[in-house]
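As provided, model.cif (mmCIF, C-alpha atoms) reads as follows.
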```cif
data_target
#
loop_
_atom_site.group_PDB
_atom_site.id
_atom_site.type_symbol
_atom_site.label_atom_id
_atom_site.label_comp_id
_atom_site.auth_asym_id
_atom_site.auth_seq_id
_atom_site.Cartn_x
_atom_site.Cartn_y
_atom_site.Cartn_z
ATOM 1 C CA MET R 1 -21.132 72.146 24.601
ATOM 2 C CA GLU R 2 -17.785 72.561 26.384
ATOM 3 C CA PHE R 3 -17.507 74.574 29.590
ATOM 4 C CA ILE R 4 -14.173 76.059 30.709
ATOM 5 C CA TYR R 5 -13.656 76.197 34.471
ATOM 6 C CA PRO R 6 -10.547 78.056 35.701
ATOM 7 C CA ILE R 7 -9.292 77.139 39.178
ATOM 8 C CA ASN R 8 -7.437 80.278 40.211
ATOM 9 C CA ASN R 9 -9.104 81.571 43.360
ATOM 10 C CA ILE R 10 -9.592 79.865 46.737
ATOM 11 C CA SER R 11 -12.657 81.903 47.714
ATOM 12 C CA GLN R 12 -14.422 81.163 44.424
ATOM 13 C CA TYR R 13 -13.533 77.483 44.605
ATOM 14 C CA ASN R 14 -14.877 77.257 48.158
ATOM 15 C CA ALA R 15 -18.085 79.046 47.164
ATOM 16 C CA ASP R 16 -18.593 76.616 44.274
ATOM 17 C CA ASN R 17 -18.338 73.721 46.723
ATOM 18 C CA ASN R 18 -20.367 75.186 49.628
ATOM 19 C CA HIS R 19 -17.361 75.821 51.858
ATOM 20 C CA LYS R 20 -16.413 78.756 54.032
ATOM 21 C CA THR R 21 -13.031 80.325 53.237
ATOM 22 C CA MET R 22 -10.771 80.047 56.289
ATOM 23 C CA HIS R 23 -7.560 81.098 54.530
ATOM 24 C CA PRO R 24 -7.223 83.102 51.294
ATOM 25 C CA LEU R 25 -4.565 80.796 49.807
ATOM 26 C CA VAL R 26 -5.317 77.288 51.157
ATOM 27 C CA THR R 27 -8.400 75.117 51.554
ATOM 28 C CA VAL R 28 -9.385 71.560 52.374
ATOM 29 C CA VAL R 29 -12.661 70.615 50.689
ATOM 30 C CA ASP R 30 -15.115 67.900 51.723
ATOM 31 C CA PHE R 31 -16.953 67.333 48.452
ATOM 32 C CA SER R 32 -19.896 65.630 50.169
ATOM 33 C CA LYS R 33 -20.950 69.152 51.236
ATOM 34 C CA ALA R 34 -21.097 70.345 47.628
ATOM 35 C CA SER R 35 -24.325 70.399 45.654
ATOM 36 C CA MET R 36 -25.319 67.686 43.209
ATOM 37 C CA ARG R 37 -23.476 67.975 39.928
ATOM 38 C CA ASP R 38 -26.006 68.389 37.110
ATOM 39 C CA TRP R 39 -24.309 69.430 33.899
ATOM 40 C CA GLY R 40 -27.401 70.246 31.868
ATOM 41 C CA ASN R 41 -26.405 70.767 28.214
ATOM 42 C CA VAL R 42 -22.679 70.777 28.969
ATOM 43 C CA THR R 43 -20.931 67.744 27.423
ATOM 44 C CA SER R 44 -17.479 68.320 28.892
ATOM 45 C CA ILE R 45 -15.696 70.580 31.351
ATOM 46 C CA LYS R 46 -12.144 71.752 30.806
ATOM 47 C CA PHE R 47 -10.440 72.523 34.117
ATOM 48 C CA GLN R 48 -7.652 75.090 33.851
ATOM 49 C CA TYR R 49 -5.465 74.821 36.952
ATOM 50 C CA GLY R 50 -3.890 77.943 38.380
ATOM 51 C CA MET R 51 -3.348 76.309 41.780
ATOM 52 C CA TYR R 52 -2.008 73.047 43.203
ATOM 53 C CA CYS R 53 -4.852 70.558 43.665
ATOM 54 C CA VAL R 54 -4.813 67.117 45.262
ATOM 55 C CA TYR R 55 -8.005 65.056 45.107
ATOM 56 C CA LEU R 56 -8.980 61.929 47.003
ATOM 57 C CA LYS R 57 -11.827 60.585 44.936
ATOM 58 C CA ASP R 58 -14.646 58.494 46.397
ATOM 59 C CA VAL R 59 -17.150 58.341 43.547
ATOM 60 C CA LYS R 60 -17.207 57.553 39.833
ATOM 61 C CA CYS R 61 -17.977 60.849 38.136
ATOM 62 C CA GLY R 62 -16.814 60.635 34.547
ATOM 63 C CA ASP R 63 -13.543 60.143 32.723
ATOM 64 C CA LEU R 64 -10.731 62.658 33.077
ATOM 65 C CA LYS R 65 -8.600 63.363 30.048
ATOM 66 C CA TYR R 66 -5.111 64.833 30.240
ATOM 67 C CA GLY R 67 -3.770 65.657 26.778
ATOM 68 C CA ARG R 68 -4.634 62.691 24.576
ATOM 69 C CA HIS R 69 -4.950 60.149 27.367
ATOM 70 C CA LEU R 70 -7.463 59.153 30.034
ATOM 71 C CA TYR R 71 -6.295 59.620 33.608
ATOM 72 C CA ASP R 72 -6.059 56.492 35.751
ATOM 73 C CA TYR R 73 -8.455 58.038 38.260
ATOM 74 C CA GLN R 74 -10.971 55.730 39.914
ATOM 75 C CA ALA R 75 -12.659 55.768 43.313
ATOM 76 C CA GLY R 76 -10.084 55.400 46.084
ATOM 77 C CA THR R 77 -7.238 57.052 44.184
ATOM 78 C CA LEU R 78 -5.278 60.237 44.781
ATOM 79 C CA ALA R 79 -4.604 62.575 41.859
ATOM 80 C CA PHE R 80 -2.353 65.625 41.635
ATOM 81 C CA PHE R 81 -2.606 68.726 39.437
ATOM 82 C CA ALA R 82 -0.268 71.716 39.216
ATOM 83 C CA PRO R 83 -0.623 75.290 37.934
ATOM 84 C CA GLY R 84 -0.598 75.441 34.155
ATOM 85 C CA GLN R 85 -2.185 72.032 33.616
ATOM 86 C CA VAL R 86 -5.487 71.463 31.831
ATOM 87 C CA MET R 87 -7.773 68.512 32.498
ATOM 88 C CA GLU R 88 -10.923 67.654 30.578
ATOM 89 C CA MET R 89 -13.813 65.768 32.168
ATOM 90 C CA GLN R 90 -16.488 64.089 30.087
ATOM 91 C CA LYS R 91 -20.127 64.350 31.129
ATOM 92 C CA PRO R 92 -21.210 61.464 33.373
ATOM 93 C CA PRO R 93 -24.325 59.504 32.382
ATOM 94 C CA GLU R 94 -26.436 61.108 35.119
ATOM 95 C CA PRO R 95 -26.230 63.757 37.878
ATOM 96 C CA TYR R 96 -24.152 62.683 40.878
ATOM 97 C CA GLN R 97 -23.219 63.747 44.396
ATOM 98 C CA PRO R 98 -19.480 64.537 44.642
ATOM 99 C CA MET R 99 -17.669 62.559 47.326
ATOM 100 C CA GLY R 100 -14.124 62.686 48.594
ATOM 101 C CA PHE R 101 -11.711 65.381 49.676
ATOM 102 C CA GLY R 102 -9.448 67.935 48.107
ATOM 103 C CA LEU R 103 -6.434 69.960 49.174
ATOM 104 C CA VAL R 104 -5.996 73.145 47.158
ATOM 105 C CA PHE R 105 -3.285 75.759 47.646
ATOM 106 C CA HIS R 106 -2.210 78.788 45.649
ATOM 107 C CA PRO R 107 1.413 79.011 44.451
ATOM 108 C CA ASP R 108 1.714 82.376 46.219
ATOM 109 C CA PHE R 109 1.332 80.526 49.530
ATOM 110 C CA LEU R 110 4.661 78.782 48.894
ATOM 111 C CA LEU R 111 6.686 81.995 48.743
ATOM 112 C CA GLY R 112 9.245 82.171 51.525
ATOM 113 C CA THR R 113 8.560 78.628 52.778
ATOM 114 C CA THR R 114 10.673 75.471 52.827
ATOM 115 C CA LEU R 115 7.880 73.827 50.866
ATOM 116 C CA GLY R 116 8.306 76.438 48.148
ATOM 117 C CA LYS R 117 11.955 75.431 47.772
ATOM 118 C CA ARG R 118 11.018 71.735 47.607
ATOM 119 C CA ILE R 119 7.817 71.743 45.562
ATOM 120 C CA ASP R 120 9.619 70.704 42.368
ATOM 121 C CA GLU R 121 10.844 67.562 44.144
ATOM 122 C CA TYR R 122 7.293 66.204 44.132
ATOM 123 C CA GLN R 123 7.344 65.099 40.523
ATOM 124 C CA PHE R 124 3.983 63.351 40.811
ATOM 125 C CA PHE R 125 2.371 66.755 40.165
ATOM 126 C CA ASP R 126 3.558 66.253 36.576
ATOM 127 C CA TYR R 127 2.455 62.645 36.185
ATOM 128 C CA GLU R 128 -0.094 62.151 33.432
ATOM 129 C CA THR R 129 -1.793 58.912 32.424
ATOM 130 C CA HIS R 130 -2.174 55.596 34.281
ATOM 131 C CA GLU R 131 -0.282 57.215 37.112
ATOM 132 C CA ALA R 132 -2.728 58.176 39.868
ATOM 133 C CA LEU R 133 -1.828 56.969 43.360
ATOM 134 C CA HIS R 134 -3.840 53.910 44.399
ATOM 135 C CA LEU R 135 -4.151 53.849 48.195
ATOM 136 C CA SER R 136 -4.320 50.997 50.665
ATOM 137 C CA GLU R 137 -6.738 51.370 53.574
ATOM 138 C CA ASP R 138 -3.924 52.366 55.954
ATOM 139 C CA GLU R 139 -2.584 54.900 53.450
ATOM 140 C CA ARG R 140 -6.043 56.339 52.968
ATOM 141 C CA ALA R 141 -6.378 56.758 56.736
ATOM 142 C CA MET R 142 -3.046 58.592 56.823
ATOM 143 C CA ILE R 143 -4.136 60.885 53.967
ATOM 144 C CA LEU R 144 -7.381 61.748 55.768
ATOM 145 C CA SER R 145 -5.464 62.371 58.987
ATOM 146 C CA SER R 146 -3.159 64.754 57.125
ATOM 147 C CA PHE R 147 -6.151 66.626 55.709
ATOM 148 C CA GLN R 148 -7.597 66.905 59.226
ATOM 149 C CA LYS R 149 -4.358 68.386 60.581
ATOM 150 C CA ILE R 150 -4.241 70.941 57.794
ATOM 151 C CA GLN R 151 -7.913 71.775 58.394
ATOM 152 C CA PHE R 152 -7.211 72.178 62.114
ATOM 153 C CA GLU R 153 -4.626 74.860 61.352
ATOM 154 C CA LEU R 154 -6.960 76.533 58.868
ATOM 155 C CA ASN R 155 -9.607 76.764 61.591
ATOM 156 C CA GLN R 156 -7.281 78.705 63.888
ATOM 157 C CA PRO R 157 -7.164 82.525 63.769
ATOM 158 C CA ILE R 158 -4.415 83.594 61.365
ATOM 159 C CA ASP R 159 -1.296 84.627 63.282
ATOM 160 C CA LYS R 160 2.484 84.674 62.790
ATOM 161 C CA HIS R 161 2.618 80.865 63.150
ATOM 162 C CA SER R 162 -0.133 80.027 60.652
ATOM 163 C CA LYS R 163 1.819 79.977 57.402
ATOM 164 C CA LYS R 164 4.722 77.987 58.830
ATOM 165 C CA LEU R 165 2.472 75.352 60.419
ATOM 166 C CA ILE R 166 0.148 74.979 57.418
ATOM 167 C CA ALA R 167 3.093 74.748 55.016
ATOM 168 C CA ALA R 168 4.816 72.192 57.272
ATOM 169 C CA ASN R 169 1.691 70.024 57.354
ATOM 170 C CA ILE R 170 1.279 70.195 53.569
ATOM 171 C CA GLU R 171 4.962 69.307 53.166
ATOM 172 C CA LEU R 172 4.565 66.324 55.502
ATOM 173 C CA PHE R 173 1.479 65.243 53.571
ATOM 174 C CA LEU R 174 3.392 65.387 50.256
ATOM 175 C CA ASP R 175 6.291 63.448 51.783
ATOM 176 C CA TYR R 176 3.842 60.701 52.710
ATOM 177 C CA CYS R 177 2.516 60.759 49.150
ATOM 178 C CA GLN R 178 6.077 60.302 47.896
ATOM 179 C CA ARG R 179 6.496 57.301 50.183
ATOM 180 C CA PHE R 180 3.210 55.808 48.964
ATOM 181 C CA TYR R 181 4.255 56.298 45.340
ATOM 182 C CA ASP R 182 7.528 54.505 46.090
ATOM 183 C CA ARG R 183 5.443 51.654 47.499
ATOM 184 C CA GLN R 184 3.292 51.652 44.369
ATOM 185 C CA PHE R 185 6.371 51.315 42.174
ATOM 186 C CA ILE R 186 7.306 48.220 44.195
ATOM 187 C CA THR R 187 3.837 46.624 44.314
ATOM 188 C CA ARG R 188 3.464 47.183 40.571
ATOM 189 C CA ASP R 189 6.846 45.589 39.963
ATOM 190 C CA ASN R 190 5.567 43.148 37.343
ATOM 191 C CA ILE R 191 3.864 45.956 35.433
ATOM 192 C CA ASN R 192 7.011 48.079 35.680
ATOM 193 C CA LYS R 193 9.233 45.265 34.446
ATOM 194 C CA GLY R 194 6.875 44.825 31.506
ATOM 195 C CA LEU R 195 7.192 48.504 30.706
ATOM 196 C CA LEU R 196 10.969 48.300 31.043
ATOM 197 C CA ALA R 197 11.104 45.328 28.648
ATOM 198 C CA LYS R 198 8.933 47.217 26.175
ATOM 199 C CA PHE R 199 11.194 50.253 26.536
ATOM 200 C CA GLU R 200 14.283 48.116 25.856
ATOM 201 C CA GLN R 201 12.680 46.812 22.659
ATOM 202 C CA LEU R 202 11.653 50.328 21.598
ATOM 203 C CA LEU R 203 15.211 51.518 22.159
ATOM 204 C CA LYS R 204 16.643 48.612 20.173
ATOM 205 C CA ASP R 205 14.229 49.261 17.320
ATOM 206 C CA TYR R 206 15.100 52.959 17.464
ATOM 207 C CA PHE R 207 18.806 52.307 16.906
ATOM 208 C CA ASN R 208 18.057 49.779 14.136
ATOM 209 C CA SER R 209 15.978 52.315 12.218
ATOM 210 C CA GLU R 210 16.634 55.661 10.584
ATOM 211 C CA GLN R 211 14.937 57.524 13.437
ATOM 212 C CA PRO R 212 18.202 58.680 15.055
ATOM 213 C CA GLN R 213 19.160 60.503 11.836
ATOM 214 C CA GLN R 214 15.653 61.954 11.577
ATOM 215 C CA ILE R 215 14.900 62.722 15.239
ATOM 216 C CA GLY R 216 18.280 62.757 16.959
ATOM 217 C CA ILE R 217 19.820 60.941 19.907
ATOM 218 C CA PRO R 218 17.341 59.063 22.132
ATOM 219 C CA ALA R 219 15.339 61.433 24.340
ATOM 220 C CA VAL R 220 13.486 60.682 27.575
ATOM 221 C CA SER R 221 10.378 62.539 26.395
ATOM 222 C CA TYR R 222 10.174 60.492 23.167
ATOM 223 C CA PHE R 223 10.189 57.095 24.890
ATOM 224 C CA ALA R 224 7.871 58.274 27.668
ATOM 225 C CA GLN R 225 5.376 59.291 25.004
ATOM 226 C CA GLN R 226 5.706 55.929 23.248
ATOM 227 C CA LEU R 227 4.818 54.216 26.537
ATOM 228 C CA ASN R 228 1.939 56.618 27.292
ATOM 229 C CA LEU R 229 3.725 57.898 30.386
ATOM 230 C CA SER R 230 4.729 61.346 31.545
ATOM 231 C CA ALA R 231 8.448 62.104 31.357
ATOM 232 C CA ASN R 232 8.623 62.411 35.158
ATOM 233 C CA TYR R 233 6.855 59.113 35.864
ATOM 234 C CA PHE R 234 8.972 57.364 33.232
ATOM 235 C CA GLY R 235 12.118 58.851 34.752
ATOM 236 C CA ASP R 236 11.134 57.727 38.258
ATOM 237 C CA LEU R 237 10.318 54.238 36.984
ATOM 238 C CA ILE R 238 13.725 53.894 35.278
ATOM 239 C CA LYS R 239 15.494 55.219 38.377
ATOM 240 C CA LYS R 240 13.773 52.742 40.680
ATOM 241 C CA GLU R 241 14.273 49.787 38.333
ATOM 242 C CA THR R 242 17.881 50.453 37.233
ATOM 243 C CA GLY R 243 19.369 52.856 39.770
ATOM 244 C CA GLN R 244 20.164 55.279 36.943
ATOM 245 C CA SER R 245 18.405 58.401 35.798
ATOM 246 C CA ALA R 246 16.544 57.952 32.496
ATOM 247 C CA LYS R 247 18.989 60.356 30.817
ATOM 248 C CA ASP R 248 22.041 58.424 32.062
ATOM 249 C CA TYR R 249 20.405 55.134 31.108
ATOM 250 C CA LEU R 250 19.810 56.323 27.539
ATOM 251 C CA GLN R 251 23.312 57.738 27.262
ATOM 252 C CA ASN R 252 24.864 54.489 28.511
ATOM 253 C CA LYS R 253 22.794 52.461 26.050
ATOM 254 C CA THR R 254 23.894 54.807 23.275
ATOM 255 C CA ILE R 255 27.551 54.260 24.196
ATOM 256 C CA GLU R 256 27.029 50.473 24.347
ATOM 257 C CA THR R 257 25.538 50.558 20.852
ATOM 258 C CA ALA R 258 28.440 52.702 19.624
ATOM 259 C CA LYS R 259 30.999 50.224 20.994
ATOM 260 C CA LYS R 260 29.332 47.335 19.171
ATOM 261 C CA ARG R 261 29.291 49.223 15.886
ATOM 262 C CA MET R 262 32.970 50.050 16.177
ATOM 263 C CA PHE R 263 33.760 46.344 15.920
ATOM 264 C CA GLU R 264 30.868 45.063 13.835
ATOM 265 C CA THR R 265 31.361 47.546 10.971
ATOM 266 C CA ASN R 266 34.184 49.271 9.153
ATOM 267 C CA LYS R 267 32.487 52.654 9.397
ATOM 268 C CA ASN R 268 34.502 55.535 10.765
ATOM 269 C CA ILE R 269 33.663 57.322 14.024
ATOM 270 C CA ASN R 270 31.923 60.212 12.258
ATOM 271 C CA GLU R 271 29.609 57.830 10.392
ATOM 272 C CA ILE R 272 28.762 55.927 13.578
ATOM 273 C CA SER R 273 28.030 59.137 15.461
ATOM 274 C CA MET R 274 25.656 60.295 12.711
ATOM 275 C CA GLU R 275 23.880 56.911 12.740
ATOM 276 C CA LEU R 276 23.308 57.266 16.476
ATOM 277 C CA GLY R 277 21.669 60.662 16.044
ATOM 278 C CA PHE R 278 24.484 63.053 16.947
ATOM 279 C CA LYS R 279 24.333 66.235 14.915
ATOM 280 C CA TYR R 280 28.018 66.915 15.416
ATOM 281 C CA PRO R 281 30.708 64.184 15.807
ATOM 282 C CA GLN R 282 32.499 66.184 18.503
ATOM 283 C CA HIS R 283 29.399 65.903 20.707
ATOM 284 C CA PHE R 284 29.587 62.125 20.409
ATOM 285 C CA THR R 285 33.317 62.134 21.153
ATOM 286 C CA ARG R 286 32.764 64.296 24.240
ATOM 287 C CA LEU R 287 30.025 62.016 25.609
ATOM 288 C CA PHE R 288 32.030 58.866 24.847
ATOM 289 C CA LYS R 289 35.095 60.186 26.665
ATOM 290 C CA GLN R 290 32.921 61.274 29.584
ATOM 291 C CA LYS R 291 31.435 57.782 29.919
ATOM 292 C CA VAL R 292 34.418 55.606 28.956
ATOM 293 C CA GLY R 293 37.404 57.766 29.868
ATOM 294 C CA ILE R 294 38.991 57.744 26.421
ATOM 295 C CA THR R 295 37.973 58.900 22.936
ATOM 296 C CA PRO R 296 36.212 56.580 20.457
ATOM 297 C CA ASN R 297 39.356 56.314 18.290
ATOM 298 C CA GLU R 298 41.495 55.467 21.313
ATOM 299 C CA TYR R 299 38.959 52.859 22.389
ATOM 300 C CA ARG R 300 38.890 51.272 18.917
ATOM 301 C CA ASN R 301 42.692 51.182 18.737
ATOM 302 C CA LEU R 302 43.043 49.672 22.224
ATOM 303 C CA ASN R 303 40.622 46.883 21.334
#
```
Structure translated into structure tokens:
Amino acid sequence: MEFIYPINNISQYNADNNHKTMHPLVTVVDFSKASMRDWGNVTSIKFQYGMYCVYLKDVKCGDLKYGRHLYDYQAGTLAFFAPGQVMEMQKPPEPYQPMGFGLVFHPDFLLGTTLGKRIDEYQFFDYETHEALHLSEDERAMILSSFQKIQFELNQPIDKHSKKLIAANIELFLDYCQRFYDRQFITRDNINKGLLAKFEQLLKDYFNSEQPQQIGIPAVSYFAQQLNLSANYFGDLIKKETGQSAKDYLQNKTIETAKKRMFETNKNINEISMELGFKYPQHFTRLFKQKVGITPNEYRNLN
């Protein structure tokens, strides 16, 4: 039997985890204070997120599934969920005591804050599979310290300073998370280079097939899916490895392929553009001129 658990209300979430509500829109949860999790006849729980949730997990409690893939979420990792996401958790083999910490805040809390203007910068809220943040001991200590600072502000009587200080501490916490993710991209360099090599082969195979005519020009979302990555994580990986956005990287590779075909075949520009997935030749000509500075015909004639 599947159980659906919406996460939309701070007070309800605190009550479910044996916590007192100190602020109606923000909470820091110590899961060791929650009751034992005994699922009974429930085989899976589907969490429907209506709030931003960040979890530092300290216990193995079942596999989390996002879409078709299992989340890379083991003890000692930090995971991020945003409003509108759905996560499914399979029943663990036996009842367990939750351990770890969580930061949960309602999107309404962001209104009128600097954090609200920046929240979309933290793309890790949209990461999916194999993409949780694996913390070092020092990073874990910093995360716990950030939670303590946020909790300190939550414990104070609400006044005109509360929202600004709580939002500033959450923003600082997320900035640290961004730094730690940047570190993870570096420490997983060999894994990333393997993914990049696989992506290069996928892109080569794509152009050598009939997929461009069937699907269209190469898209970031398509190749991210082929690599079992979220579009945001894939884009960040490409940016850190190549210095280019994933979109620019794909466009540049498309232009490189077009240049080769201009001299390796006798096909006209319209035929080449259709082979590369462009629905209209003028779209190809516009992109080519944007990237190269001259039109495809001018380029072919010059060379």
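Between atom CA of R:Gln201 and atom CA of R:Asn297 lies a distance of 28.7 Å.
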key: Atomic separation - atom CA of R:Glu153 relative to atom CA of R:Gly112, Å   =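 These atoms are spaced 18.5 Å apart.
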Answer as a PyMOL selection string, residues within 12 Å of (29.6, 61.7, 25.1) using only C-alpha atoms = chain R and resi 217+248+250-256+258+273+276+278+280-296
message = Rounded to one decimal, what separation in Å do you get between atom CA of R:Val86 and atom CA of R:Val54?
response = 14.1 Å
key: Reference answer for the PyMOL selection byres ((chain R and resi 93-102) around 10), as a count of residues only   = 40
ask   = Using all atoms listed in the file, which of the listed residues (R:Ile215, R:Leu133, R:Leu25, R:Val42) sits closest to R:Gln184?
value = R:Leu133
Box dimensions and centre (Å, one decimal) enclosing stretch 215-232 of chain R, axis-aligned, 6 Å extra per side, as AutoDock Vina command-line options:
```
--center_x 10.9 --center_y 58.5 --center_z 25.2 --size_x 29.9 --size_y 20.5 --size_z 31.9
```
request  = Can you turn the PyMOL selection byres ((chain R and resi 116) around 12) into a concrete residue list for this file, as an NGL selection string?
outcome  = :R and (52 or 105-115 or 117-122 or 163-164 or 167-168 or 170-171)
ask   = Could you pull the residues within 8 Å of R:Lys46, counting all atoms listed in the file, minus those fewer than 4 positions along the same chain, as a VMD selection string?
value = chain R and resid 2 to 5 86 to 89
key: Selection: 12 Å around R:Gly84, all atoms listed in the file, excl. self and same-chain fewer than 6 positions, as a PyMOL selection string   = chain R and resi 6-8+47-53+107+125-126
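Of the listed residues R:Asn41, R:Asn14, R:Gln123, R:Gln178, the one whose atoms come nearest to R:Tyr233 is R:Gln123, with distances taken using all atoms listed in the file.
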Can I get stretch 236-244 of chain R with all heavy atoms filled in, as an mmCIF file, in the coordinates of the input?
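Wrote it out as selection-v8.cif, contents follow:
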```cif
data_model
loop_
_atom_site.group_PDB
_atom_site.id
_atom_site.type_symbol
_atom_site.label_atom_id
_atom_site.label_comp_id
_atom_site.auth_asym_id
_atom_site.auth_seq_id
_atom_site.Cartn_x
_atom_site.Cartn_y
_atom_site.Cartn_z
ATOM 1 N N ASP R 236 11.147 58.345 36.929
ATOM 2 C CA ASP R 236 11.134 57.727 38.258
ATOM 3 C C ASP R 236 11.129 56.206 38.153
ATOM 4 O O ASP R 236 11.777 55.509 38.942
ATOM 5 C CB ASP R 236 9.911 58.199 39.042
ATOM 6 C CG ASP R 236 10.051 59.646 39.516
ATOM 7 O OD1 ASP R 236 11.169 60.178 39.443
ATOM 8 O OD2 ASP R 236 9.032 60.229 39.935
ATOM 9 N N LEU R 237 10.375 55.687 37.183
ATOM 10 C CA LEU R 237 10.318 54.238 36.984
ATOM 11 C C LEU R 237 11.703 53.694 36.630
ATOM 12 O O LEU R 237 12.156 52.696 37.205
ATOM 13 C CB LEU R 237 9.311 53.912 35.876
ATOM 14 C CG LEU R 237 8.983 52.438 35.612
ATOM 15 C CD1 LEU R 237 7.586 52.324 35.022
ATOM 16 C CD2 LEU R 237 9.982 51.797 34.650
ATOM 17 N N ILE R 238 12.395 54.339 35.687
ATOM 18 C CA ILE R 238 13.725 53.894 35.278
ATOM 19 C C ILE R 238 14.693 53.965 36.457
ATOM 20 O O ILE R 238 15.504 53.057 36.677
ATOM 21 C CB ILE R 238 14.247 54.752 34.108
ATOM 22 C CG1 ILE R 238 13.375 54.547 32.860
ATOM 23 C CG2 ILE R 238 15.704 54.411 33.791
ATOM 24 C CD1 ILE R 238 13.346 53.141 32.338
ATOM 25 N N LYS R 239 14.600 55.052 37.226
ATOM 26 C CA LYS R 239 15.494 55.219 38.377
ATOM 27 C C LYS R 239 15.301 54.108 39.389
ATOM 28 O O LYS R 239 16.273 53.540 39.910
ATOM 29 C CB LYS R 239 15.223 56.588 39.026
ATOM 30 C CG LYS R 239 16.083 56.890 40.245
ATOM 31 C CD LYS R 239 17.513 57.187 39.869
ATOM 32 C CE LYS R 239 18.316 57.658 41.067
ATOM 33 N NZ LYS R 239 19.722 57.922 40.726
ATOM 34 N N LYS R 240 14.055 53.759 39.665
ATOM 35 C CA LYS R 240 13.773 52.742 40.680
ATOM 36 C C LYS R 240 14.105 51.337 40.187
ATOM 37 O O LYS R 240 14.435 50.459 40.968
ATOM 38 C CB LYS R 240 12.311 52.842 41.121
ATOM 39 C CG LYS R 240 12.058 54.067 42.001
ATOM 40 C CD LYS R 240 10.594 54.224 42.354
ATOM 41 C CE LYS R 240 10.406 55.364 43.353
ATOM 42 N NZ LYS R 240 10.827 56.667 42.831
ATOM 43 N N GLU R 241 14.006 51.119 38.874
ATOM 44 C CA GLU R 241 14.273 49.787 38.333
ATOM 45 C C GLU R 241 15.748 49.561 38.033
ATOM 46 O O GLU R 241 16.234 48.431 38.101
ATOM 47 C CB GLU R 241 13.450 49.571 37.048
ATOM 48 C CG GLU R 241 11.953 49.426 37.283
ATOM 49 C CD GLU R 241 11.597 48.168 38.047
ATOM 50 O OE1 GLU R 241 12.253 47.134 37.848
ATOM 51 O OE2 GLU R 241 10.651 48.220 38.859
ATOM 52 N N THR R 242 16.489 50.617 37.682
ATOM 53 C CA THR R 242 17.881 50.453 37.233
ATOM 54 C C THR R 242 18.897 51.155 38.114
ATOM 55 O O THR R 242 20.093 50.875 37.999
ATOM 56 C CB THR R 242 18.042 50.983 35.791
ATOM 57 O OG1 THR R 242 17.925 52.408 35.790
ATOM 58 C CG2 THR R 242 16.989 50.392 34.862
ATOM 59 N N GLY R 243 18.437 52.081 38.963
ATOM 60 C CA GLY R 243 19.369 52.856 39.770
ATOM 61 C C GLY R 243 19.998 54.015 39.020
ATOM 62 O O GLY R 243 20.819 54.755 39.566
ATOM 63 N N GLN R 244 19.635 54.194 37.755
ATOM 64 C CA GLN R 244 20.164 55.279 36.943
ATOM 65 C C GLN R 244 19.034 56.237 36.567
ATOM 66 O O GLN R 244 17.884 55.826 36.449
ATOM 67 C CB GLN R 244 20.786 54.742 35.646
ATOM 68 C CG GLN R 244 21.868 53.706 35.819
ATOM 69 C CD GLN R 244 22.320 53.159 34.473
ATOM 70 O OE1 GLN R 244 22.736 53.898 33.584
ATOM 71 N NE2 GLN R 244 22.227 51.843 34.311
#
```
